[in-house]
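Written below as structure tokens is the structure these notes are about.
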Amino acid sequence: MQLYHHPFSLNSQKVRLTLEEKGIDYTSHHVNPLTGKNMDAFFFSMNPSAKVPVFQNGSHIIYDTIEIIQYIERIAEKVSSGGNNLNLSSREVIGWMHKIQEWDAMYFTLFHVPEKYRLCVSKFLRRVIIARMAESPDLASAYHCKLRQAYDTDDKLKNAEVLRRSENHLVGLLDEVELKLGETSYLAGEEFSLADVMLIPVLARIELLNLEDEYINSRPNIADYLVLVKQRPSYKKVIGKYFDGWRRRKTLLKTWCFIRVRSMLRKY
């Protein structure tokens, strides 16, 4: 089984947490969207949306995050039960999974990145797409769609209403989670579930953006919950390894330096 992902990708984190919690072995392939690796012809031909994660098991390829997670769950249950009486996620867990996935972190994240960095990355990625169009004429139409999406994203980031809607959606979600965590230790009861796998990366993204005082610490049940889940081996391997202290700065600096160097080389 192959997973194409990136450590800072919210949906990649959800899938990797599932793999670690279920004890499933897989081969890891890093695909960094910030450096345009998702636009390379090999990956783009496999997934023209150019989004990570992508999960591959033989000839079976899945792009949708929740579908990947449920596929992994079925594999794990078949292994543990011998294929009989699969103990799959409850309706409540699946409901939470979809509710959390409905919040799109992209615009929220980009609005909180300093504009000079955001514009530099955006310009670099547009150049990458144009270069790939020339290199792979058979994929030119799909690349052109991605180029249009890139310009559309830039336009939406000029609209404060887009940020307001994303913030309101997040606040509503967190308020509902806070209420639920006042009743149970985990999101769907007293046992850790795939609902928690979906929630943890959202909270980690808030911390990455240094917005925890506004969104997490103001909600005591969520704050206590985050302390609890950070003790899990899966969290330490999937998120803590890249986000804690100097490691976060190292990964971000490495990406930023790569983009700057590549941008400078393209001028000559």
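In the structure tokens, each chain is lettered A, B, ... as it comes, each chain's residues begin at 1, and ligands are numbered from 1 in order of appearance.
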* Just the residues within 10 Å of range 29-38 of chain A, please, counting only C-alpha atoms, with nothing from its chain fewer than 5 positions along; format it as a ChimeraX atom specification. => /A:2-9,43-44,47-54,121-122,124-129,132,252,255-256,258-259,262
Test item: residues at most 12 Å from Arg165 in chain A, only C-alpha atoms, excluding those fewer than 2 positions along its chain, as a PDB file with N, CA and C atoms, in the first residue's frame:
```
ATOM      1  N   TRP A 103     -15.607  21.517   6.790  1.00  0.00           N
ATOM      2  CA  TRP A 103     -14.855  22.769   6.945  1.00  0.00           C
ATOM      3  C   TRP A 103     -13.581  22.699   6.113  1.00  0.00           C
ATOM      4  N   ASP A 104     -13.455  23.614   5.159  1.00  0.00           N
ATOM      5  CA  ASP A 104     -12.279  23.666   4.284  1.00  0.00           C
ATOM      6  C   ASP A 104     -11.260  24.618   4.904  1.00  0.00           C
ATOM      7  N   ALA A 105     -10.113  24.067   5.286  1.00  0.00           N
ATOM      8  CA  ALA A 105      -9.096  24.861   5.985  1.00  0.00           C
ATOM      9  C   ALA A 105      -8.270  25.737   5.057  1.00  0.00           C
ATOM     10  N   TYR A 107      -8.690  28.346   2.803  1.00  0.00           N
ATOM     11  CA  TYR A 107      -8.751  29.800   2.832  1.00  0.00           C
ATOM     12  C   TYR A 107      -8.436  30.343   4.217  1.00  0.00           C
ATOM     13  N   PHE A 108      -8.902  29.654   5.248  1.00  0.00           N
ATOM     14  CA  PHE A 108      -8.591  30.059   6.621  1.00  0.00           C
ATOM     15  C   PHE A 108      -7.081  30.094   6.825  1.00  0.00           C
ATOM     16  N   LYS A 156     -10.198  35.168  -4.543  1.00  0.00           N
ATOM     17  CA  LYS A 156     -11.003  34.982  -3.337  1.00  0.00           C
ATOM     18  C   LYS A 156     -10.290  35.485  -2.090  1.00  0.00           C
ATOM     19  N   ASN A 159     -11.105  38.876  -0.890  1.00  0.00           N
ATOM     20  CA  ASN A 159     -12.468  39.083  -0.407  1.00  0.00           C
ATOM     21  C   ASN A 159     -12.565  38.701   1.070  1.00  0.00           C
ATOM     22  N   ALA A 160     -12.729  39.685   1.937  1.00  0.00           N
ATOM     23  CA  ALA A 160     -12.786  39.435   3.383  1.00  0.00           C
ATOM     24  C   ALA A 160     -13.977  38.572   3.769  1.00  0.00           C
ATOM     25  N   GLU A 161     -15.014  38.565   2.941  1.00  0.00           N
ATOM     26  CA  GLU A 161     -16.200  37.764   3.238  1.00  0.00           C
ATOM     27  C   GLU A 161     -15.882  36.273   3.215  1.00  0.00           C
ATOM     28  N   VAL A 162     -14.931  35.879   2.368  1.00  0.00           N
ATOM     29  CA  VAL A 162     -14.523  34.469   2.288  1.00  0.00           C
ATOM     30  C   VAL A 162     -13.929  34.034   3.624  1.00  0.00           C
ATOM     31  N   LEU A 163     -13.083  34.877   4.202  1.00  0.00           N
ATOM     32  CA  LEU A 163     -12.496  34.582   5.511  1.00  0.00           C
ATOM     33  C   LEU A 163     -13.568  34.558   6.592  1.00  0.00           C
ATOM     34  N   GLU A 167     -14.288  31.444   9.078  1.00  0.00           N
ATOM     35  CA  GLU A 167     -14.168  31.598  10.528  1.00  0.00           C
ATOM     36  C   GLU A 167     -15.464  31.225  11.229  1.00  0.00           C
ATOM     37  N   ASN A 168     -16.575  31.675  10.680  1.00  0.00           N
ATOM     38  CA  ASN A 168     -17.875  31.361  11.285  1.00  0.00           C
ATOM     39  C   ASN A 168     -18.149  29.862  11.272  1.00  0.00           C
ATOM     40  N   HIS A 169     -17.783  29.223  10.170  1.00  0.00           N
ATOM     41  CA  HIS A 169     -17.953  27.770  10.069  1.00  0.00           C
ATOM     42  C   HIS A 169     -17.114  27.072  11.141  1.00  0.00           C
ATOM     43  N   LEU A 170     -15.869  27.497  11.285  1.00  0.00           N
ATOM     44  CA  LEU A 170     -14.980  26.885  12.268  1.00  0.00           C
ATOM     45  C   LEU A 170     -15.487  27.110  13.691  1.00  0.00           C
ATOM     46  N   VAL A 171     -15.914  28.322  13.992  1.00  0.00           N
ATOM     47  CA  VAL A 171     -16.424  28.632  15.333  1.00  0.00           C
ATOM     48  C   VAL A 171     -17.637  27.762  15.657  1.00  0.00           C
ATOM     49  N   GLY A 172     -18.556  27.628  14.697  1.00  0.00           N
ATOM     50  CA  GLY A 172     -19.729  26.793  14.922  1.00  0.00           C
ATOM     51  C   GLY A 172     -19.348  25.345  15.180  1.00  0.00           C
TER      52      GLY A 172
END
```
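Minimum distance to Ser80 in chain A across A:Lys180, A:Lys22, A:Ile94, A:Tyr225 (counting only C-alpha atoms) occurs at A:Lys22.
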* Nearest-residue call for Glu102 in chain A, choices A:Ala76, A:Leu181, A:Leu19, A:Val202, using only C-alpha atoms -> A:Val202
* Structure fact -> Restricting to only C-alpha atoms, whichever of A:Leu228, A:Ala204, A:Ile61, A:Leu157 is closest to Phe192 in chain A is A:Leu228
* Asked: Running DSSP on the backbone, which parts of range 88-261 of chain A land in alpha helix (DSSP H), as a ChimeraX atom specification?
  -> /A:91-101,105-111,115-135,140-156,160-181,194-208,212-215,220-229,233-235,241-243,246-261
* Mind checking DSSP for range 42-176 of chain A and telling me the strand (DSSP E) residues as a list in words? ->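 Matching residues, listed in order: Val54, Phe55, Gln56, Asn57, His60, Ile61 and Ile62 of chain A.
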* Of the candidates A:Thr109, A:Ser45, A:Ser136, A:Gln56, which shows the shortest atom-to-atom distance to Glu207 in chain A, using only C-alpha atoms? ->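 Among the listed residues, the smallest separation from Glu207 in chain A belongs to A:Thr109.
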* Return the single residue from A:Leu211, A:Met39, A:Ile200, A:Leu194 that is closest to Glu21 in chain A, with distances computed using only C-alpha atoms. => A:Leu194
* To do: Might you pull out every residue within 8 Å of range 81-91 of chain A, with only C-alpha atoms counted and same-chain residues fewer than 6 positions away left off, and present them as a count of residues only?
  => 4
* Could you jot down the CA of Ile100 in chain A to CA of Met198 in chain A separation for me, Å, one decimal place? =>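 Going from CA of Ile100 in chain A over to CA of Met198 in chain A covers 6.6 Å.
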Residues of range 96-172 of chain A within 12 Å of range 67-72 of chain A: nearest atom pair and distance (Å, one decimal) for each, counting only C-alpha atoms, sorted by chain and number, as a tab-separated table?
```
residue	atom	partner	partner_atom	distance
A:Met97	CA	A:Ile69	CA	9.9
A:His98	CA	A:Glu67	CA	10.7
A:Gln101	CA	A:Glu67	CA	11.6
```
